[in-house]
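Listing of structure.txt; format and content: compact mmCIF, C-alpha atoms (C1' of nucleotides).
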```txt
# COMPACT_ATOMS: atom_id res chain seq x y z
CA MET A 1 -42.05 148.91 19.60
CA THR A 2 -39.43 148.22 22.24
CA ASP A 3 -39.49 148.56 26.02
CA THR A 4 -38.10 152.06 25.71
CA THR A 5 -41.53 153.29 24.64
CA THR A 6 -42.72 155.85 27.16
CA TYR A 7 -46.28 156.87 27.93
CA THR A 8 -48.01 159.75 29.60
CA GLU A 9 -49.89 159.23 32.83
CA ALA A 10 -53.22 158.85 31.06
CA GLU A 11 -51.76 156.48 28.52
CA GLU A 12 -50.41 154.33 31.33
CA ARG A 13 -53.89 153.99 32.82
CA ILE A 14 -55.35 153.15 29.42
CA PHE A 15 -52.67 150.55 28.92
CA GLU A 16 -53.34 148.79 32.20
CA ALA A 17 -57.09 148.89 31.65
CA ALA A 18 -56.75 147.56 28.10
CA LEU A 19 -54.44 144.77 29.20
CA GLN A 20 -56.95 143.64 31.79
CA ALA A 21 -59.89 143.79 29.38
CA PHE A 22 -58.14 142.07 26.47
CA ALA A 23 -56.75 139.41 28.80
CA ARG A 24 -60.15 138.45 30.18
CA LYS A 25 -62.35 138.72 27.10
CA GLY A 26 -60.02 138.66 24.14
CA LYS A 27 -59.62 141.20 21.39
CA ASP A 28 -63.17 140.85 20.08
CA GLY A 29 -64.89 140.48 23.43
CA ALA A 30 -63.31 143.50 25.09
CA ARG A 31 -65.19 146.79 24.85
CA MET A 32 -63.64 150.20 24.27
CA GLN A 33 -66.21 151.67 26.65
CA GLU A 34 -65.17 149.45 29.57
CA ILE A 35 -61.53 150.21 28.90
CA ALA A 36 -62.29 153.93 28.95
CA ASP A 37 -64.25 153.56 32.19
CA ALA A 38 -61.52 151.56 33.89
CA ALA A 39 -58.94 154.13 32.77
CA GLN A 40 -61.18 156.93 34.09
CA ILE A 41 -61.16 158.60 30.74
CA ASN A 42 -63.62 159.59 28.05
CA LYS A 43 -64.20 157.07 25.29
CA ALA A 44 -63.33 159.65 22.63
CA MET A 45 -59.95 160.15 24.27
CA LEU A 46 -59.23 156.48 23.84
CA HIS A 47 -59.41 156.92 20.10
CA TYR A 48 -57.54 160.20 20.34
CA TYR A 49 -54.58 158.42 21.93
CA PHE A 50 -54.57 155.08 20.14
CA ARG A 51 -56.57 155.73 16.95
CA SER A 52 -58.35 152.36 16.84
CA LYS A 53 -59.03 149.20 18.79
CA ASP A 54 -56.67 147.25 16.54
CA LYS A 55 -53.81 149.65 17.18
CA LEU A 56 -54.46 149.62 20.92
CA TYR A 57 -54.46 145.84 20.93
CA ALA A 58 -51.27 145.67 18.90
CA ALA A 59 -49.51 148.02 21.32
CA VAL A 60 -50.68 146.09 24.35
CA PHE A 61 -49.78 142.72 22.89
CA ALA A 62 -46.29 143.84 21.90
CA TYR A 63 -45.74 145.02 25.46
CA VAL A 64 -47.08 141.78 26.91
CA PHE A 65 -45.05 139.58 24.61
CA GLN A 66 -41.81 141.27 25.61
CA ARG A 67 -42.72 140.98 29.27
CA PHE A 68 -43.63 137.33 28.98
CA PHE A 69 -40.27 136.34 27.55
CA ALA A 70 -38.30 138.80 29.61
CA GLY A 71 -39.70 136.94 32.62
CA ILE A 72 -38.21 133.76 31.24
CA GLY A 73 -34.88 135.36 30.45
CA ALA A 74 -34.37 136.90 33.87
CA ALA A 75 -34.72 133.47 35.42
CA VAL A 76 -32.19 131.67 33.22
CA GLU A 77 -29.28 134.08 33.53
CA GLU A 78 -26.43 133.60 35.93
CA ALA A 79 -26.73 130.16 37.43
CA GLU A 80 -23.89 127.72 37.83
CA SER A 81 -25.01 124.10 38.11
CA PHE A 82 -27.96 122.94 36.06
CA GLU A 83 -29.84 122.16 39.22
CA ALA A 84 -29.40 125.80 40.19
CA VAL A 85 -30.73 126.84 36.79
CA LEU A 86 -33.81 124.70 37.30
CA ARG A 87 -34.34 125.95 40.81
CA THR A 88 -33.88 129.60 39.88
CA PHE A 89 -36.04 129.31 36.80
CA ILE A 90 -39.01 127.61 38.45
CA THR A 91 -38.96 129.86 41.49
CA GLY A 92 -38.47 133.04 39.50
CA TYR A 93 -40.93 132.29 36.75
CA ILE A 94 -43.79 131.20 39.00
CA ASP A 95 -43.30 134.37 41.03
CA PHE A 96 -43.34 136.39 37.83
CA LEU A 97 -46.51 134.70 36.58
CA LYS A 98 -48.22 135.23 39.94
CA ASP A 99 -47.61 138.96 39.64
CA HIS A 100 -48.51 139.19 35.93
CA GLN A 101 -51.53 136.98 35.44
CA ASP A 102 -53.05 139.20 32.78
CA VAL A 103 -49.88 138.76 30.76
CA VAL A 104 -50.48 135.00 30.72
CA ARG A 105 -54.15 135.39 29.89
CA LEU A 106 -53.51 137.71 26.99
CA MET A 107 -50.79 135.48 25.56
CA VAL A 108 -53.12 132.50 25.72
CA ASN A 109 -56.07 134.40 24.29
CA GLU A 110 -53.96 135.45 21.33
CA ASN A 111 -52.91 131.85 20.73
CA LEU A 112 -56.50 130.64 20.89
CA SER A 113 -57.61 133.06 18.22
CA GLY A 114 -54.89 132.07 15.78
CA GLY A 115 -51.85 133.92 17.02
CA GLU A 116 -51.42 136.34 14.14
CA ALA A 117 -49.89 138.91 16.48
CA VAL A 118 -47.38 136.33 17.65
CA VAL A 119 -45.76 136.03 14.23
CA GLN A 120 -44.44 139.56 14.11
CA GLN A 121 -43.30 139.55 17.71
CA VAL A 122 -41.32 136.32 17.41
CA SER A 123 -39.17 137.84 14.69
CA THR A 124 -38.31 140.58 17.18
CA LEU A 125 -36.82 138.01 19.52
CA LYS A 126 -34.92 136.21 16.78
CA SER A 127 -33.27 139.28 15.32
CA ALA A 128 -32.23 140.56 18.71
CA ASP A 129 -30.79 137.10 19.45
CA GLY A 130 -32.28 137.52 22.87
CA ASN A 131 -34.77 134.67 22.75
CA PRO A 132 -34.87 133.40 26.33
CA VAL A 133 -36.59 130.14 25.36
CA ARG A 134 -33.66 129.34 23.09
CA ALA A 135 -31.33 130.25 25.93
CA LEU A 136 -33.09 127.74 28.16
CA ILE A 137 -33.00 125.06 25.47
CA THR A 138 -29.30 125.69 24.86
CA ARG A 139 -28.61 125.43 28.58
CA ILE A 140 -30.40 122.07 28.71
CA ALA A 141 -28.52 120.78 25.66
CA GLN A 142 -25.26 121.82 27.29
CA ALA A 143 -26.10 119.92 30.47
CA THR A 144 -26.86 116.73 28.53
CA LYS A 145 -23.46 116.93 26.81
CA THR A 146 -21.50 117.39 30.01
CA GLY A 147 -23.41 114.50 31.53
CA GLU A 148 -24.83 116.73 34.22
CA ILE A 149 -28.26 115.36 33.31
CA ARG A 150 -29.59 112.38 31.37
CA PRO A 151 -29.73 112.56 27.56
CA VAL A 152 -33.13 114.17 27.02
CA ASP A 153 -34.59 116.19 24.15
CA PRO A 154 -33.88 119.82 25.09
CA PHE A 155 -36.90 121.27 23.30
CA GLN A 156 -39.32 118.78 24.81
CA THR A 157 -37.82 119.30 28.22
CA ALA A 158 -38.06 123.08 28.03
CA LEU A 159 -41.68 122.75 26.92
CA THR A 160 -42.42 120.51 29.87
CA VAL A 161 -40.90 122.96 32.33
CA LEU A 162 -42.83 125.88 30.87
CA SER A 163 -46.07 123.87 30.77
CA SER A 164 -45.77 122.87 34.39
CA CYS A 165 -45.22 126.44 35.54
CA ILE A 166 -47.81 128.21 33.38
CA PHE A 167 -50.76 125.82 33.05
CA PHE A 168 -51.99 126.30 36.60
CA PHE A 169 -52.59 130.00 36.00
CA ILE A 170 -54.58 129.27 32.84
CA VAL A 171 -57.05 126.85 34.42
CA TYR A 172 -57.17 128.43 37.86
CA PRO A 173 -60.99 128.76 37.92
CA THR A 174 -61.33 125.03 37.32
CA MET A 175 -58.62 124.19 39.88
CA ARG A 176 -60.29 126.36 42.50
CA GLU A 177 -63.61 124.67 41.88
CA MET A 178 -62.27 121.14 42.08
CA ASN A 179 -59.99 121.77 45.04
CA PRO A 180 -61.12 124.70 47.23
CA GLY A 181 -57.93 124.39 49.24
CA VAL A 182 -56.08 125.95 46.33
CA ALA A 183 -58.08 129.16 46.69
CA ARG A 184 -57.94 129.22 50.50
CA ASP A 185 -54.14 129.41 50.49
CA ARG A 186 -53.05 130.31 47.02
CA ASP A 187 -49.56 131.47 47.92
CA GLY A 188 -49.01 128.35 49.98
CA PHE A 189 -50.10 126.18 47.09
CA LEU A 190 -47.70 127.94 44.74
CA GLU A 191 -44.81 127.45 47.16
CA GLU A 192 -45.70 123.75 47.28
CA ARG A 193 -45.82 123.75 43.50
CA LYS A 194 -42.32 125.18 43.19
CA ALA A 195 -40.95 122.53 45.57
CA HIS A 196 -42.82 119.75 43.79
CA LEU A 197 -41.58 120.75 40.34
CA ILE A 198 -37.98 121.19 41.41
CA ASP A 199 -38.06 117.82 43.16
CA LEU A 200 -39.73 116.00 40.27
CA LEU A 201 -37.52 117.47 37.56
CA VAL A 202 -34.26 117.10 39.45
CA HIS A 203 -35.05 113.42 39.98
CA GLY A 204 -36.35 113.00 36.45
CA LEU A 205 -33.24 114.47 34.86
CA HIS A 206 -30.60 113.09 37.21
CA PRO A 207 -28.13 110.73 35.49
CA ARG A 208 -28.54 107.03 36.20
CA SER A 209 -26.52 103.89 35.76
CA MET B 1 -77.47 117.69 30.56
CA THR B 2 -75.77 114.27 30.38
CA ASP B 3 -74.22 112.40 27.49
CA THR B 4 -77.53 110.71 26.86
CA THR B 5 -78.82 113.91 25.28
CA THR B 6 -79.70 113.21 21.67
CA TYR B 7 -79.89 115.66 18.81
CA THR B 8 -81.38 115.74 15.36
CA GLU B 9 -79.15 115.83 12.31
CA ALA B 10 -79.43 119.62 12.02
CA GLU B 11 -78.77 120.11 15.71
CA GLU B 12 -75.63 118.00 15.42
CA ARG B 13 -74.32 120.27 12.67
CA ILE B 14 -75.15 123.36 14.70
CA PHE B 15 -73.40 121.86 17.67
CA GLU B 16 -70.18 121.19 15.79
CA ALA B 17 -70.22 124.62 14.17
CA ALA B 18 -70.87 126.34 17.48
CA LEU B 19 -68.10 124.41 19.21
CA GLN B 20 -65.63 125.49 16.56
CA ALA B 21 -66.73 129.14 16.67
CA PHE B 22 -66.83 129.45 20.47
CA ALA B 23 -63.49 127.67 20.77
CA ARG B 24 -61.69 130.04 18.42
CA LYS B 25 -63.25 133.37 19.34
CA GLY B 26 -64.87 132.86 22.72
CA LYS B 27 -68.46 133.35 23.73
CA ASP B 28 -68.53 137.08 22.96
CA GLY B 29 -66.41 136.98 19.84
CA ALA B 30 -68.31 134.21 18.07
CA ARG B 31 -71.11 135.25 15.72
CA MET B 32 -74.45 133.56 15.36
CA GLN B 33 -74.33 134.23 11.62
CA GLU B 34 -71.06 132.36 11.12
CA ILE B 35 -72.37 129.46 13.17
CA ALA B 36 -75.48 129.33 11.00
CA ASP B 37 -73.38 129.45 7.83
CA ALA B 38 -71.04 126.69 8.99
CA ALA B 39 -74.04 124.55 9.96
CA GLN B 40 -75.59 125.20 6.54
CA ILE B 41 -78.72 126.51 8.17
CA ASN B 42 -80.71 129.73 8.29
CA LYS B 43 -79.83 132.11 11.10
CA ALA B 44 -83.44 132.16 12.30
CA MET B 45 -83.36 128.39 12.70
CA LEU B 46 -80.46 128.73 15.09
CA HIS B 47 -82.72 130.65 17.47
CA TYR B 48 -85.58 128.29 16.75
CA TYR B 49 -83.51 125.35 18.02
CA PHE B 50 -81.51 126.94 20.84
CA ARG B 51 -83.49 130.09 21.73
CA SER B 52 -80.48 132.32 22.44
CA LYS B 53 -76.72 132.56 22.15
CA ASP B 54 -76.38 132.07 25.90
CA LYS B 55 -78.37 128.85 25.85
CA LEU B 56 -76.44 127.56 22.86
CA TYR B 57 -73.17 128.30 24.60
CA ALA B 58 -74.31 126.62 27.79
CA ALA B 59 -75.29 123.48 25.89
CA VAL B 60 -72.00 123.37 23.99
CA PHE B 61 -69.92 123.95 27.08
CA ALA B 62 -71.69 121.23 29.05
CA TYR B 63 -70.99 118.81 26.21
CA VAL B 64 -67.35 119.85 26.00
CA PHE B 65 -66.80 119.65 29.73
CA GLN B 66 -68.05 116.07 29.86
CA ARG B 67 -65.90 115.14 26.89
CA PHE B 68 -62.81 116.73 28.36
CA PHE B 69 -62.99 114.72 31.57
CA ALA B 70 -64.27 111.57 29.90
CA GLY B 71 -61.06 111.68 27.89
CA ILE B 72 -59.11 111.65 31.14
CA GLY B 73 -61.21 108.88 32.62
CA ALA B 74 -60.86 106.53 29.68
CA ALA B 75 -57.10 106.76 29.99
CA VAL B 76 -56.87 105.96 33.70
CA GLU B 77 -59.04 102.84 33.81
CA GLU B 78 -57.69 99.33 33.74
CA ALA B 79 -53.96 99.50 34.15
CA GLU B 80 -51.92 97.29 36.46
CA SER B 81 -48.59 98.80 37.42
CA PHE B 82 -48.34 102.53 37.97
CA GLU B 83 -45.91 102.79 35.11
CA ALA B 84 -48.58 101.27 32.91
CA VAL B 85 -51.06 103.84 34.20
CA LEU B 86 -48.68 106.64 33.31
CA ARG B 87 -47.95 105.18 29.89
CA THR B 88 -51.59 104.56 29.07
CA PHE B 89 -52.68 107.94 30.33
CA ILE B 90 -50.13 110.03 28.46
CA THR B 91 -50.54 108.12 25.21
CA GLY B 92 -54.31 108.05 25.39
CA TYR B 93 -54.83 111.62 26.51
CA ILE B 94 -52.49 113.19 23.97
CA ASP B 95 -54.24 111.23 21.24
CA PHE B 96 -57.58 112.40 22.57
CA LEU B 97 -56.46 116.04 22.66
CA LYS B 98 -55.08 115.80 19.13
CA ASP B 99 -58.50 114.71 17.89
CA HIS B 100 -60.45 117.22 20.00
CA GLN B 101 -58.52 120.46 19.87
CA ASP B 102 -61.64 122.60 19.96
CA VAL B 103 -62.56 120.96 23.24
CA VAL B 104 -59.30 122.22 24.74
CA ARG B 105 -59.71 125.69 23.27
CA LEU B 106 -63.23 126.10 24.59
CA MET B 107 -62.27 124.87 28.06
CA VAL B 108 -59.40 127.34 28.18
CA ASN B 109 -61.48 130.19 26.81
CA GLU B 110 -64.05 129.63 29.51
CA ASN B 111 -61.37 129.67 32.18
CA LEU B 112 -59.89 132.88 30.83
CA SER B 113 -63.21 134.70 31.03
CA GLY B 114 -63.84 133.73 34.63
CA GLY B 115 -65.10 130.18 34.40
CA GLU B 116 -68.67 130.77 35.52
CA ALA B 117 -69.86 127.87 33.41
CA VAL B 118 -67.31 125.60 35.07
CA VAL B 119 -68.91 125.92 38.50
CA GLN B 120 -72.14 124.17 37.58
CA GLN B 121 -70.41 121.47 35.59
CA VAL B 122 -67.96 120.51 38.33
CA SER B 123 -70.85 119.68 40.67
CA THR B 124 -72.03 117.25 37.98
CA LEU B 125 -68.80 115.32 38.26
CA LYS B 126 -68.81 115.33 42.04
CA SER B 127 -72.33 114.05 42.46
CA ALA B 128 -71.83 111.31 39.90
CA ASP B 129 -68.64 110.32 41.75
CA GLY B 130 -67.13 109.91 38.33
CA ASN B 131 -64.50 112.61 38.55
CA PRO B 132 -61.60 111.21 36.53
CA VAL B 133 -59.12 113.72 37.90
CA ARG B 134 -59.86 112.46 41.40
CA ALA B 135 -59.41 108.92 40.09
CA LEU B 136 -55.98 109.84 38.79
CA ILE B 137 -55.05 111.53 42.05
CA THR B 138 -56.23 108.51 44.04
CA ARG B 139 -54.20 106.20 41.83
CA ILE B 140 -51.08 108.29 42.45
CA ALA B 141 -51.69 108.37 46.21
CA GLN B 142 -52.07 104.60 46.15
CA ALA B 143 -48.75 104.16 44.38
CA THR B 144 -46.93 106.33 46.90
CA LYS B 145 -48.28 104.19 49.75
CA THR B 146 -47.25 100.87 48.22
CA GLY B 147 -43.82 102.34 47.53
CA GLU B 148 -44.24 101.87 43.81
CA ILE B 149 -43.21 105.51 43.40
CA ARG B 150 -41.49 108.12 45.55
CA PRO B 151 -43.55 110.03 48.13
CA VAL B 152 -44.89 112.92 46.06
CA ASP B 153 -47.91 115.18 46.44
CA PRO B 154 -50.64 113.44 44.39
CA PHE B 155 -52.51 116.62 43.47
CA GLN B 156 -49.38 118.43 42.35
CA THR B 157 -48.25 115.41 40.39
CA ALA B 158 -51.58 115.03 38.61
CA LEU B 159 -51.52 118.72 37.74
CA THR B 160 -48.03 118.36 36.32
CA VAL B 161 -49.04 115.41 34.14
CA LEU B 162 -52.10 117.23 32.83
CA SER B 163 -50.12 120.45 32.24
CA SER B 164 -47.47 118.64 30.25
CA CYS B 165 -50.01 116.96 28.00
CA ILE B 166 -52.36 119.89 27.40
CA PHE B 167 -50.21 123.02 27.30
CA PHE B 168 -48.70 122.30 23.89
CA PHE B 169 -52.12 122.41 22.26
CA ILE B 170 -52.89 125.77 23.87
CA VAL B 171 -49.78 127.58 22.65
CA TYR B 172 -49.39 125.74 19.35
CA PRO B 173 -49.28 128.95 17.25
CA THR B 174 -46.34 130.21 19.29
CA MET B 175 -44.59 126.82 19.21
CA ARG B 176 -44.98 126.63 15.45
CA GLU B 177 -43.52 130.09 15.05
CA MET B 178 -40.51 129.47 17.26
CA ASN B 179 -39.79 125.99 15.97
CA PRO B 180 -41.10 125.38 12.42
CA GLY B 181 -40.14 121.74 12.71
CA VAL B 182 -43.13 121.25 14.99
CA ALA B 183 -45.51 122.21 12.19
CA ARG B 184 -43.66 120.25 9.50
CA ASP B 185 -44.20 116.96 11.32
CA ARG B 186 -46.83 117.51 13.95
CA ASP B 187 -47.68 113.86 14.50
CA GLY B 188 -44.03 112.98 14.77
CA PHE B 189 -43.51 115.70 17.34
CA LEU B 190 -46.43 114.43 19.39
CA GLU B 191 -45.06 110.88 19.35
CA GLU B 192 -41.76 112.27 20.57
CA ARG B 193 -43.63 114.18 23.23
CA LYS B 194 -45.34 111.05 24.53
CA ALA B 195 -42.01 109.24 24.77
CA HIS B 196 -40.34 112.21 26.44
CA LEU B 197 -43.05 112.60 29.07
CA ILE B 198 -43.21 108.91 29.90
CA ASP B 199 -39.44 108.78 30.20
CA LEU B 200 -39.18 111.93 32.32
CA LEU B 201 -42.01 111.04 34.68
CA VAL B 202 -41.05 107.42 35.14
CA HIS B 203 -37.55 108.53 36.11
CA GLY B 204 -38.85 111.41 38.19
CA LEU B 205 -41.20 109.21 40.20
CA HIS B 206 -39.06 106.09 40.49
CA PRO B 207 -38.13 105.21 44.09
CA ARG B 208 -34.55 105.91 45.11
CA SER B 209 -32.25 104.90 47.89
C1' DG C 1 -90.15 123.74 10.13
C1' DT C 2 -88.25 127.24 7.06
C1' DC C 3 -87.14 131.72 5.34
C1' DT C 4 -87.42 137.04 4.63
C1' DA C 5 -87.68 141.16 6.59
C1' DT C 6 -87.11 143.94 10.24
C1' DA C 7 -87.00 145.65 15.03
C1' DT C 8 -83.79 146.84 18.62
C1' DC C 9 -79.58 147.42 20.46
C1' DT C 10 -74.60 147.89 20.97
C1' DC C 11 -70.21 148.90 19.34
C1' DG C 12 -66.31 151.42 17.11
C1' DA C 13 -65.30 155.64 15.36
C1' DT C 14 -65.69 160.60 14.33
C1' DA C 15 -67.47 165.42 13.86
C1' DG C 16 -67.46 169.53 15.97
C1' DA C 17 -68.12 172.76 20.00
C1' DC C 18 -65.32 174.32 23.72
C1' DG D 1 -56.76 168.12 24.91
C1' DT D 2 -61.51 167.20 26.36
C1' DC D 3 -66.29 166.22 25.96
C1' DT D 4 -71.20 165.54 23.83
C1' DA D 5 -73.72 163.93 20.33
C1' DT D 6 -74.24 161.04 16.70
C1' DC D 7 -73.33 158.25 12.53
C1' DG D 8 -73.16 153.82 10.43
C1' DA D 9 -72.03 149.01 10.64
C1' DG D 10 -73.23 144.87 12.39
C1' DA D 11 -75.01 142.07 16.11
C1' DT D 12 -78.97 139.32 18.52
C1' DA D 13 -83.48 138.28 18.29
C1' DT D 14 -88.24 137.99 16.60
C1' DA D 15 -92.50 138.70 13.78
C1' DG D 16 -95.00 136.79 10.42
C1' DA D 17 -95.76 134.76 5.68
C1' DC D 18 -95.38 130.28 3.69
```
Would you write the structure of this file as structure tokens?
Amino acid sequence: MTDTTTYTEAEERIFEAALQAFARKGKDGARMQEIADAAQINKAMLHYYFRSKDKLYAAVFAYVFQRFFAGIGAAVEEAESFEAVLRTFITGYIDFLKDHQDVVRLMVNENLSGGEAVVQQVSTLKSADGNPVRALITRIAQATKTGEIRPVDPFQTALTVLSSCIFFFIVYPTMREMNPGVARDRDGFLEERKAHLIDLLVHGLHPRS
Amino acid sequence: MTDTTTYTEAEERIFEAALQAFARKGKDGARMQEIADAAQINKAMLHYYFRSKDKLYAAVFAYVFQRFFAGIGAAVEEAESFEAVLRTFITGYIDFLKDHQDVVRLMVNENLSGGEAVVQQVSTLKSADGNPVRALITRIAQATKTGEIRPVDPFQTALTVLSSCIFFFIVYPTMREMNPGVARDRDGFLEERKAHLIDLLVHGLHPRS
DNA sequence: GTCTATATCTCGATAGAC
DNA sequence: GTCTATCGAGATATAGAC
């Protein structure tokens, strides 16, 4: 189930509709009928194309999982100084998340309900040796050895960076309610967020006497 | 629906069972039957006590919402230096989250499905003037003015601190899969996490020339 | 207050005509 | 490939005996 999988026009619409439904209501909460409606297709055709709800979910999740980590990978590649890595990563990943919010929601939903689908997908990353999280961790470890940054735990640091970028999109409804300014100028807030995170992490990781 | 609400013994059991079910499978995915079973009660009694699934969910969410922010509040109070605030908050809040993982899951689930229940609850915090997130933000703003820390955006900083503490618990299944060491010694990992976050943030916020 | 039995509805899935 | 009609499982909710 790689990225090379191709779909017909109808299947594409189903896919997008299913992603949106599963992301908002989870695997159990989503309804085949609403997916069919959103895809402008008959409900019977949904089963004709994807056999069952489980199979549809599995296909959508596999797609989302690859996307989620591809977004990370694209941001780590090709950067010289570690500060440039940090800058590129934070900017690139927040932009990616902004454009793929359903991807985040589905990933989180899957984790909340146990994450059984995650298990199989993780092995995909390992075997391909293209795990972008590991790439980020390795890059951090490298920078601690060269003295480019303070001696920090690479795994913890990577987790902190990811947390700080992703969490906002998860709790956006609460954020919006507590600080209406966030909703009034969402893009502006996200630009501020990038700057804040780069500033905080560069200072937090900078070597000291 | 304040904390002063009292419940009978049976209602307490229902409450705990419902929290667990809603947290793992969401409002739609959770089943009244499984809640009844877990509460060691007849399914009809569930409706006798709480009328409907919607009302049960509303009651559980209100309880969880208060708990979630009370956990933040308890950690901000009574600390002298800002570094002490940071230390107390991170230690206290991670410990709180560790002991109330279903609270996190339910909060996130609600946000993923639109967060309609959040709207009413936020007004509760505002009117009571006991919004602990605002307290944290105020404390950060204060520290920037006295020069105790660098001039940073208080809202962004508070969001970063919360993100870094909470996110791990949301994506734990994925973490465990990518780094089995996390599952082998969970408590140890969380102690490391506290130390890492305190270290990173203290350095990141420390005033510089 | 407690439980059994059941009404009512909704969902996933399929049969079968076209 | 496409659609209508429907089956059967399982869900919420309630009626009514005790």
Problem - DG10 of chain D environment, 12 Å, all atoms listed in the file, sequence neighbours closer than 3 positions dropped, as a PyMOL selection string - result: (chain B and resi 31-33) or (chain C and resi 9-12)
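In this model, the gap between atom CA of Glu116 of chain B and atom CA of Pro180 of chain A comes to 15.2 Å.
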Handout entry: Separation of atom CA of Lys43 of chain A from atom CA of Ser113 of chain B, in Å and rounded to one decimal
Key = 23.1 Å
Practice task
Quote the spacing between atom CA of Leu19 of chain A and atom CA of Val64 of chain A in Å to one decimal place.
Solution key: 8.3 Å
Which residues of chain A sit at most 12 Å from chain C, using only C-alpha atoms (C1' of nucleotides)? Give each one's shortest atom pair and distance in Å (one decimal place), in chain and ascending residue order, as a Markdown table.
```
| residue | atom | partner | partner_atom | distance |
| --- | --- | --- | --- | --- |
| A:Asp28 | CA | C:DC11 | C1' | 10.7 |
| A:Gly29 | CA | C:DC11 | C1' | 10.8 |
| A:Ala30 | CA | C:DC11 | C1' | 10.5 |
| A:Arg31 | CA | C:DC11 | C1' | 7.7 |
| A:Met32 | CA | C:DG12 | C1' | 7.7 |
| A:Gln33 | CA | C:DC11 | C1' | 8.8 |
| A:Glu34 | CA | C:DC11 | C1' | 11.4 |
| A:Lys43 | CA | C:DA13 | C1' | 10.1 |
| A:Ala44 | CA | C:DA13 | C1' | 8.5 |
| A:Met45 | CA | C:DA13 | C1' | 11.3 |
| A:Leu46 | CA | C:DA13 | C1' | 10.5 |
| A:His47 | CA | C:DA13 | C1' | 7.7 |
| A:Tyr48 | CA | C:DT14 | C1' | 10.1 |
| A:Phe50 | CA | C:DA13 | C1' | 11.8 |
| A:Arg51 | CA | C:DA13 | C1' | 8.9 |
| A:Ser52 | CA | C:DA13 | C1' | 7.8 |
| A:Lys53 | CA | C:DG12 | C1' | 7.8 |
| A:Asp54 | CA | C:DG12 | C1' | 10.5 |
```
